[in-house]
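Asks: Dumping the structure here so I can ask a few things about it.
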Amino acid sequence: MALDPKIAERLKRTPDGLVPAIVQQHDTGEVLMLAWMDDEALHRTLTTGRATYWSRSRAEYWVKGDTSGHVQWVRHVALDCDGDTILLKVDQVGAACHTGDRTCFDADVLESTMPAVNAPGPDPST
């Protein structure tokens, strides 16, 4: 079976047929990783409940956790307003990053020299 044509027609793909997928922990909102999907990977994800991606380096599909045991159980899938990014909300088992870190954004935090901006809080008088 193929990806539902109603979904496929909404996707805006890179020249090599891929769409970036942002992966987020469903209950905390923690951003875990970024991966790539094509139509088949998205179809497999939607029909199996397991996050499936296209590996650009290995040129093959990979189901997150099949070799590492660090499974991503899919709870929610959404397409952004432009159709060019997929959001997966998952229940992550173990590390999300291939390095063993919880997320792919844990190891290399960039320091900013910009001053912190204070966003206005709720009006205490209401």
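Labels used: A, B, ... for chains in the order of the structure tokens, numbers from 1 for residues in each chain, and numbers from 1 for ligands as shown.
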Extract, using only C-alpha atoms, all DNA, RNA and protein residues at most 8 Å from Gly94 in chain A, discarding same-chain residues fewer than 5 positions from it, and format them as a PyMOL selection string.
Replies: chain A and resi 69-71+102
Asks: As an MDAnalysis selection string, please: every residue in chain A that DSSP puts in alpha helix (DSSP H).
Replies: chainID A and resid 5:8 39:48
Asks: Can you list, as number ranges by chain, every protein, DNA or RNA residue that comes within 12 Å of range 57-65 of chain A when you count only C-alpha atoms, leaving out same-chain residues fewer than 4 positions away?
Replies: A: 16, 18, 23, 33, 35-45, 48-53, 69-74, 90-98
Asks: Would you export the selected residues with C-alpha atoms as a short mmCIF file (atom, residue, chain, number, x, y, z; two decimals), in the first residue's frame, please?
Replies:
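Heads up, here's the output in selection_37.cif:
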```cif
data_model
loop_
_atom_site.label_atom_id
_atom_site.label_comp_id
_atom_site.auth_asym_id
_atom_site.auth_seq_id
_atom_site.Cartn_x
_atom_site.Cartn_y
_atom_site.Cartn_z
CA ASP A 16 15.49 14.20 -3.44
CA LEU A 18 12.38 13.98 1.46
CA VAL A 23 10.59 14.39 16.75
CA MET A 33 15.86 14.75 17.05
CA ALA A 35 15.19 12.91 10.78
CA TRP A 36 14.06 12.56 7.17
CA MET A 37 11.01 10.86 5.71
CA ASP A 38 9.80 10.10 2.23
CA ASP A 39 6.28 8.99 1.37
CA GLU A 40 6.99 5.35 2.21
CA ALA A 41 8.57 6.16 5.59
CA LEU A 42 5.57 8.31 6.51
CA HIS A 43 3.17 5.60 5.36
CA ARG A 44 4.98 2.99 7.46
CA THR A 45 4.97 5.32 10.48
CA THR A 48 2.62 0.67 12.24
CA GLY A 49 2.84 3.18 15.08
CA ARG A 50 6.65 2.91 14.99
CA ALA A 51 8.76 5.85 13.78
CA THR A 52 10.31 4.95 10.42
CA TYR A 53 12.78 7.18 8.62
CA GLY A 69 16.22 -1.00 21.38
CA HIS A 70 15.52 2.75 21.68
CA VAL A 71 12.04 2.57 20.20
CA GLN A 72 9.86 5.53 19.33
CA TRP A 73 6.18 4.71 19.80
CA VAL A 74 4.24 7.25 17.76
CA VAL A 90 6.49 9.97 20.38
CA ASP A 91 6.99 7.98 23.52
CA GLN A 92 10.79 7.60 23.43
CA VAL A 93 12.29 4.49 25.02
CA GLY A 94 15.93 5.14 25.95
CA ALA A 95 18.17 7.53 24.04
CA ALA A 96 16.94 9.24 20.88
CA CYS A 97 20.41 10.11 19.58
CA HIS A 98 22.71 7.56 17.96
#
```
Asks: Please report, as CSV, each residue of range 68-121 of chain A lying at most 12 Å from range 1-11 of chain A, together with the nearest pair of atoms and the separation in Å rounded to one decimal; use only C-alpha atoms, and order rows by chain and ascending residue number.
Replies:
```
residue,atom,partner,partner_atom,distance
A:Val77,CA,A:Ile7,CA,11.7
A:Ala78,CA,A:Ile7,CA,10.5
A:Leu79,CA,A:Leu11,CA,8.2
A:Asp80,CA,A:Leu11,CA,9.5
A:Cys81,CA,A:Arg10,CA,9.8
A:Asp82,CA,A:Leu11,CA,8.3
A:Gly83,CA,A:Leu11,CA,4.9
A:Asp84,CA,A:Leu11,CA,6.0
A:Thr85,CA,A:Leu11,CA,8.2
A:Ile86,CA,A:Leu11,CA,9.0
```
Asks: Write down as an MDAnalysis selection string the residues belonging to chain A that are assigned strand (DSSP E) by DSSP computed on the backbone.
Replies: chainID A and resid 19:25 31:37 52:55 60:63 72:79 86:92
Asks: With only C-alpha atoms as the counted atoms, please give the residues lying no more than 7 Å from Gln24 in chain A, apart from itself and same-chain residues fewer than 4 positions off, as a PyMOL selection string.
Replies: chain A and resi 29-32+88-90
